[in-house]
$ cat target-v6.pdb   # PDB, C-alpha atoms
MODEL        1
ATOM      1  CA  MET A   1      18.481  -9.890  11.106
ATOM      2  CA  SER A   2      16.428 -12.695  12.642
ATOM      3  CA  ALA A   3      15.054 -15.773  10.903
ATOM      4  CA  ARG A   4      11.581 -14.392  11.568
ATOM      5  CA  ASP A   5      12.436 -11.190   9.728
ATOM      6  CA  ASP A   6      13.741 -13.239   6.809
ATOM      7  CA  GLU A   7      10.525 -15.226   6.761
ATOM      8  CA  ILE A   8       8.463 -12.030   6.845
ATOM      9  CA  ARG A   9      10.472 -10.603   3.968
ATOM     10  CA  ARG A  10       9.946 -13.799   1.964
ATOM     11  CA  VAL A  11       6.179 -13.640   2.499
ATOM     12  CA  VAL A  12       6.159  -9.936   1.625
ATOM     13  CA  ALA A  13       8.049 -10.667  -1.631
ATOM     14  CA  GLU A  14       5.536 -13.395  -2.527
ATOM     15  CA  LEU A  15       2.687 -11.037  -1.704
ATOM     16  CA  ASP A  16       4.189  -8.457  -4.020
ATOM     17  CA  ALA A  17       4.325 -10.988  -6.853
ATOM     18  CA  HIS A  18       0.716 -12.113  -6.371
ATOM     19  CA  MET A  19      -0.556  -8.545  -6.131
ATOM     20  CA  ALA A  20       1.300  -7.662  -9.330
ATOM     21  CA  ALA A  21      -0.297 -10.662 -11.059
ATOM     22  CA  VAL A  22      -3.784  -9.564  -9.955
ATOM     23  CA  GLU A  23      -3.087  -6.042 -11.174
ATOM     24  CA  ALA A  24      -1.814  -7.288 -14.542
ATOM     25  CA  SER A  25      -4.861  -9.464 -15.208
ATOM     26  CA  VAL A  26      -7.303  -6.806 -14.099
ATOM     27  CA  ALA A  27      -5.495  -4.205 -16.200
ATOM     28  CA  ALA A  28      -5.736  -6.503 -19.240
ATOM     29  CA  LEU A  29      -9.484  -6.935 -18.753
ATOM     30  CA  LYS A  30      -9.996  -3.219 -18.238
ATOM     31  CA  ALA A  31      -7.936  -2.423 -21.319
ATOM     32  CA  LEU A  32     -10.122  -4.809 -23.273
ATOM     33  CA  LEU A  33     -13.256  -3.048 -22.088
ATOM     34  CA  ALA A  34     -11.752   0.304 -22.970
ATOM     35  CA  ASP A  35     -11.061  -0.962 -26.495
ATOM     36  CA  ASP A  36     -14.137  -0.429 -28.662
ATOM     37  CA  GLU A  37     -12.872  -2.574 -31.476
ATOM     38  CA  VAL A  38     -15.385  -5.250 -32.492
ATOM     39  CA  PRO A  39     -14.633  -8.127 -34.901
ATOM     40  CA  GLY A  40     -15.852  -7.353 -38.414
ATOM     41  CA  GLN A  41     -15.555  -3.606 -37.870
ATOM     42  CA  GLU A  42     -11.908  -3.223 -38.729
ATOM     43  CA  ASP A  43     -10.579  -0.333 -40.704
ATOM     44  CA  PRO A  44     -10.656  -1.315 -44.428
ATOM     45  CA  SER A  45      -7.580   0.822 -45.202
TER      46      SER A  45
ATOM     47  CA  MET B  20      21.909   7.433  11.845
ATOM     48  CA  ARG B  21      18.878   9.254  10.560
ATOM     49  CA  VAL B  22      16.800   7.062   8.262
ATOM     50  CA  LEU B  23      13.482   7.589   6.586
ATOM     51  CA  ALA B  24      12.349   4.139   7.679
ATOM     52  CA  ASP B  25      12.358   5.267  11.337
ATOM     53  CA  VAL B  26       9.127   7.096  10.642
ATOM     54  CA  THR B  27       6.658   4.432  11.702
ATOM     55  CA  GLY B  28       3.289   5.011  13.278
ATOM     56  CA  GLU B  29       4.531   3.944  16.699
ATOM     57  CA  ASN B  30       7.571   6.202  16.506
ATOM     58  CA  LEU B  31       5.480   9.139  15.350
ATOM     59  CA  ARG B  32       3.262   8.846  18.395
ATOM     60  CA  LEU B  33       6.208   8.292  20.780
ATOM     61  CA  TRP B  34       8.138  11.221  19.386
ATOM     62  CA  ARG B  35       5.131  13.527  19.626
ATOM     63  CA  GLU B  36       4.217  12.427  23.143
ATOM     64  CA  SER B  37       7.806  12.710  24.329
ATOM     65  CA  LYS B  38       7.616  16.398  23.458
ATOM     66  CA  GLY B  39       4.291  16.735  25.255
ATOM     67  CA  TRP B  40       2.634  17.928  22.055
ATOM     68  CA  ASP B  41      -0.992  17.340  21.194
ATOM     69  CA  VAL B  42      -1.991  16.599  17.608
ATOM     70  CA  PRO B  43      -2.753  20.233  16.644
ATOM     71  CA  ARG B  44       0.675  21.262  17.966
ATOM     72  CA  MET B  45       2.273  18.456  15.922
ATOM     73  CA  ALA B  46       0.456  19.771  12.850
ATOM     74  CA  ARG B  47       1.792  23.267  13.510
ATOM     75  CA  GLU B  48       5.340  21.935  13.901
ATOM     76  CA  LEU B  49       5.126  20.044  10.610
ATOM     77  CA  ARG B  50       3.808  23.118   8.832
ATOM     78  CA  LYS B  51       6.564  25.215  10.371
ATOM     79  CA  ALA B  52       9.227  22.727   9.188
ATOM     80  CA  ALA B  53       7.660  22.792   5.732
ATOM     81  CA  ARG B  54       7.689  26.589   5.649
ATOM     82  CA  ASP B  55      11.387  26.581   6.531
ATOM     83  CA  THR B  56      12.128  24.463   3.482
ATOM     84  CA  GLY B  57       9.593  26.165   1.240
ATOM     85  CA  GLU B  58       7.463  23.051   0.771
ATOM     86  CA  ASP B  59       3.718  22.847   0.306
ATOM     87  CA  VAL B  60       1.897  20.662   2.788
ATOM     88  CA  ALA B  61      -1.700  19.995   3.747
ATOM     89  CA  ALA B  62      -3.664  22.652   5.620
ATOM     90  CA  HIS B  63      -3.630  22.566   9.410
ATOM     91  CA  HIS B  64      -7.019  20.863   9.712
ATOM     92  CA  GLY B  65      -5.977  18.260   7.133
ATOM     93  CA  LEU B  66      -2.848  17.419   9.098
ATOM     94  CA  VAL B  67      -4.866  17.204  12.305
ATOM     95  CA  LYS B  68      -6.899  14.465  10.637
ATOM     96  CA  MET B  69      -3.938  12.679   9.035
ATOM     97  CA  ILE B  70      -1.587  12.591  12.028
ATOM     98  CA  PRO B  71      -3.719  10.180  14.131
ATOM     99  CA  GLN B  72      -4.116   7.944  11.066
ATOM    100  CA  TRP B  73      -0.358   7.855  10.564
ATOM    101  CA  GLU B  74       0.221   7.175  14.261
ATOM    102  CA  ARG B  75      -2.239   4.286  14.282
ATOM    103  CA  GLY B  76      -0.492   2.831  11.246
ATOM    104  CA  GLY B  77      -3.679   2.780   9.227
ATOM    105  CA  ARG B  78      -2.048   5.003   6.653
ATOM    106  CA  ALA B  79       1.612   5.545   5.954
ATOM    107  CA  PRO B  80       2.742   9.159   5.578
ATOM    108  CA  ARG B  81       4.085  10.054   2.170
ATOM    109  CA  GLU B  82       7.789  10.594   1.776
ATOM    110  CA  ARG B  83       7.427  14.380   1.996
ATOM    111  CA  TYR B  84       5.835  14.063   5.458
ATOM    112  CA  ARG B  85       8.264  11.398   6.626
ATOM    113  CA  LEU B  86      11.097  13.793   5.794
ATOM    114  CA  LEU B  87       9.356  16.575   7.672
ATOM    115  CA  TYR B  88       8.972  14.350  10.717
ATOM    116  CA  LEU B  89      12.685  13.583  10.600
ATOM    117  CA  LYS B  90      13.406  17.274  10.385
ATOM    118  CA  VAL B  91      11.186  18.045  13.381
ATOM    119  CA  PHE B  92      12.501  15.145  15.465
ATOM    120  CA  GLU B  93      16.059  15.063  14.194
ATOM    121  CA  ASP B  94      17.609  14.345  17.586
ATOM    122  CA  MET B  95      15.290  11.514  18.495
ATOM    123  CA  ALA B  96      15.395   9.955  15.067
ATOM    124  CA  GLY B  97      19.167  10.075  15.165
ATOM    125  CA  GLY B  98      19.186   8.050  18.372
ATOM    126  CA  LEU B  99      17.547   5.000  16.874
ATOM    127  CA  SER B 100      19.726   2.018  16.267
ATOM    128  CA  GLN B 101      20.140   0.450  12.863
ATOM    129  CA  SER B 102      18.358  -2.706  13.936
ATOM    130  CA  MET B 103      15.379  -0.647  14.994
ATOM    131  CA  ALA B 104      15.546   1.121  11.659
ATOM    132  CA  ALA B 105      15.506  -2.204   9.806
ATOM    133  CA  GLY B 106      12.493  -3.308  11.809
ATOM    134  CA  ALA B 107      10.801  -0.010  11.180
ATOM    135  CA  ASP B 108      11.504  -0.368   7.476
ATOM    136  CA  LEU B 109       9.709  -3.698   7.520
ATOM    137  CA  VAL B 110       6.764  -2.246   9.395
ATOM    138  CA  MET B 111       6.520   0.532   6.816
ATOM    139  CA  ARG B 112       6.690  -1.977   3.986
ATOM    140  CA  ILE B 113       3.929  -4.072   5.571
ATOM    141  CA  ALA B 114       1.779  -0.977   6.040
ATOM    142  CA  ASP B 115       2.234  -0.177   2.333
ATOM    143  CA  ILE B 116       1.263  -3.713   1.352
ATOM    144  CA  ARG B 117      -1.766  -3.659   3.610
ATOM    145  CA  SER B 118      -2.931  -0.459   1.996
ATOM    146  CA  TYR B 119      -2.218  -1.763  -1.515
ATOM    147  CA  ALA B 120      -3.962  -5.102  -0.933
ATOM    148  CA  ALA B 121      -7.024  -3.316   0.402
ATOM    149  CA  GLY B 122      -7.251  -1.490  -2.928
ATOM    150  CA  LEU B 123      -7.287  -4.656  -5.031
ATOM    151  CA  PRO B 124     -10.603  -5.558  -6.640
ATOM    152  CA  ALA B 125     -12.742  -8.228  -4.968
ATOM    153  CA  PRO B 126     -13.443 -11.500  -6.824
ATOM    154  CA  ASP B 127     -16.965 -10.265  -7.568
ATOM    155  CA  GLU B 128     -15.557  -7.190  -9.270
ATOM    156  CA  ILE B 129     -13.264  -9.360 -11.366
ATOM    157  CA  ARG B 130     -16.197 -11.559 -12.376
ATOM    158  CA  THR B 131     -18.143  -8.431 -13.325
ATOM    159  CA  LEU B 132     -15.228  -7.314 -15.497
ATOM    160  CA  GLU B 133     -15.089 -10.776 -17.046
ATOM    161  CA  ALA B 134     -18.814 -10.730 -17.823
ATOM    162  CA  ALA B 135     -18.566  -7.275 -19.367
ATOM    163  CA  ALA B 136     -15.607  -8.340 -21.498
ATOM    164  CA  LEU B 137     -17.383 -11.517 -22.621
ATOM    165  CA  ALA B 138     -20.505  -9.563 -23.531
ATOM    166  CA  LYS B 139     -18.598  -7.555 -26.108
ATOM    167  CA  PRO B 140     -16.405  -9.750 -28.325
ATOM    168  CA  ARG B 141     -13.083  -8.405 -29.502
ATOM    169  CA  LYS B 142     -10.385  -9.658 -31.770
ATOM    170  CA  SER B 143      -7.612  -8.961 -29.296
ATOM    171  CA  MET B 144      -8.753 -11.601 -26.776
ATOM    172  CA  THR B 145     -10.856 -14.700 -27.221
ATOM    173  CA  PRO B 146     -13.592 -15.599 -24.701
ATOM    174  CA  ALA B 147     -11.388 -18.430 -23.455
ATOM    175  CA  GLU B 148      -8.534 -16.007 -22.874
ATOM    176  CA  ILE B 149     -10.847 -13.599 -21.074
ATOM    177  CA  ARG B 150     -12.039 -16.394 -18.780
ATOM    178  CA  ALA B 151      -8.456 -17.496 -18.184
ATOM    179  CA  ARG B 152      -7.368 -13.949 -17.321
ATOM    180  CA  ALA B 153     -10.224 -13.524 -14.847
ATOM    181  CA  ALA B 154      -9.599 -16.936 -13.289
ATOM    182  CA  GLU B 155      -5.900 -16.133 -12.973
ATOM    183  CA  ALA B 156      -6.673 -12.834 -11.247
ATOM    184  CA  ILE B 157      -8.966 -14.565  -8.755
ATOM    185  CA  ILE B 158      -6.415 -17.309  -8.046
ATOM    186  CA  HIS B 159      -3.735 -14.707  -7.326
ATOM    187  CA  LEU B 160      -6.195 -12.711  -5.240
ATOM    188  CA  ARG B 161      -6.746 -15.792  -3.078
ATOM    189  CA  GLU B 162      -2.994 -16.210  -2.806
ATOM    190  CA  VAL B 163      -2.793 -12.602  -1.634
ATOM    191  CA  ALA B 164      -5.360 -13.360   1.079
ATOM    192  CA  ALA B 165      -3.434 -16.499   2.099
ATOM    193  CA  LYS B 166      -0.113 -14.664   2.239
ATOM    194  CA  ILE B 167      -1.624 -11.856   4.271
ATOM    195  CA  ALA B 168      -2.923 -14.442   6.730
ATOM    196  CA  GLU B 169       0.572 -15.982   6.820
ATOM    197  CA  LEU B 170       2.087 -12.582   7.426
ATOM    198  CA  SER B 171      -0.466 -11.909  10.118
ATOM    199  CA  ALA B 172       0.448 -15.169  11.857
ATOM    200  CA  LEU B 173       4.152 -14.351  11.629
ATOM    201  CA  LEU B 174       3.551 -10.957  13.152
ATOM    202  CA  GLY B 175       1.154 -12.299  15.748
ATOM    203  CA  ASP B 176      -1.261  -9.720  14.499
ATOM    204  CA  ASP B 177      -4.839 -10.434  13.534
ATOM    205  CA  ALA B 178      -5.264  -7.102  11.814
ATOM    206  CA  VAL B 179      -2.591  -6.958   9.136
ATOM    207  CA  GLY B 180      -5.270  -6.677   6.520
ATOM    208  CA  GLU B 181      -7.985  -8.607   4.831
ATOM    209  CA  VAL B 182      -8.682  -9.360   1.211
ATOM    210  CA  GLU B 183     -11.965 -10.944   0.260
ATOM    211  CA  SER B 184     -11.637 -14.324  -1.324
TER     212      SER B 184
ENDMDL
END

$ encode --input "target-v6.pdb" --output "structure tokens"
Amino acid sequence: MSARDDEIRRVVAELDAHMAAVEASVAALKALLADDEVPGQEDPS
Amino acid sequence: MRVLADVTGENLRLWRESKGWDVPRMARELRKAARDTGEDVAAHHGLVKMIPQWERGGRAPRERYRLLYLKVFEDMAGGLSQSMAAGADLVMRIADIRSYAAGLPAPDEIRTLEAAALAKPRKSMTPAEIRARAAEAIIHLREVAAKIAELSALLGDDAVGEVES
């Protein structure tokens, strides 16, 4: 395997990590929007 | 050695053309191979649309179709060297990433999500945390764009993919 291939694989691995981080943050925001809970409206039980 | 990674867009086109088959004939051959193994595949007209996309590399065929290609072109696929297979594996991986990155939300969409989340307070995340999450997503999105540009430069290819930043 050439040095260029190694470099490409390194960049691809970094890309994977950044894309996963974007997905995680977006998923957290979407989950928040999907959650209808509002402060002060908690279940008294 | 027959490997799934041999099934790259370029190989698909070369294999088909080496047989002198047009795209509709290729679709028929794939459907025939699927029938032999009892698998469900797309209708003929669907395959006729998908095959050129796969060959151009714009879309990667799913595993089921990659296996069917290997079945149809067993002899030719078996003739590829391992180094070619490794290179093809990388090309397939890059095609997957390109497709995945294109599906990521744009910064504007993330800001819209942030605004919507801020407009409706919740106990589970403070406004500061919401802003931090959105900012983090945008920072990583820009890193994705930068890495894709780096990849593009490494490949000497201006069209690996674009992500808005």

$ resolve_selection --input "target-v6.pdb" --expression "the PyMOL selection byres ((chain A) within 8 of (chain B))" --output "PyMOL selection string"
chain A and resi 1+4+8-9+11-12+14-16+18-19+21-23+25-26+28-30+32-33+37-39

$ residues_around --input "target-v6.pdb" --residues "stretch 44-48 of chain B" --least-positions-apart "2" --cutoff "12 Å" --atoms "only C-alpha atoms" --output "PyMOL selection string"
chain B and resi 31-42+50-55+60-71+74+84+87-92

$ closest_residue --input "target-v6.pdb" --among "B:Pro43, B:Asn30, B:Leu49, B:Arg75" --to "B:Ala114" --atoms "only C-alpha atoms"
B:Arg75

$ atom_distance --input "target-v6.pdb" --atom1 "atom CA of B:Gly122" --atom2 "atom CA of B:Arg78"
12.7 Å
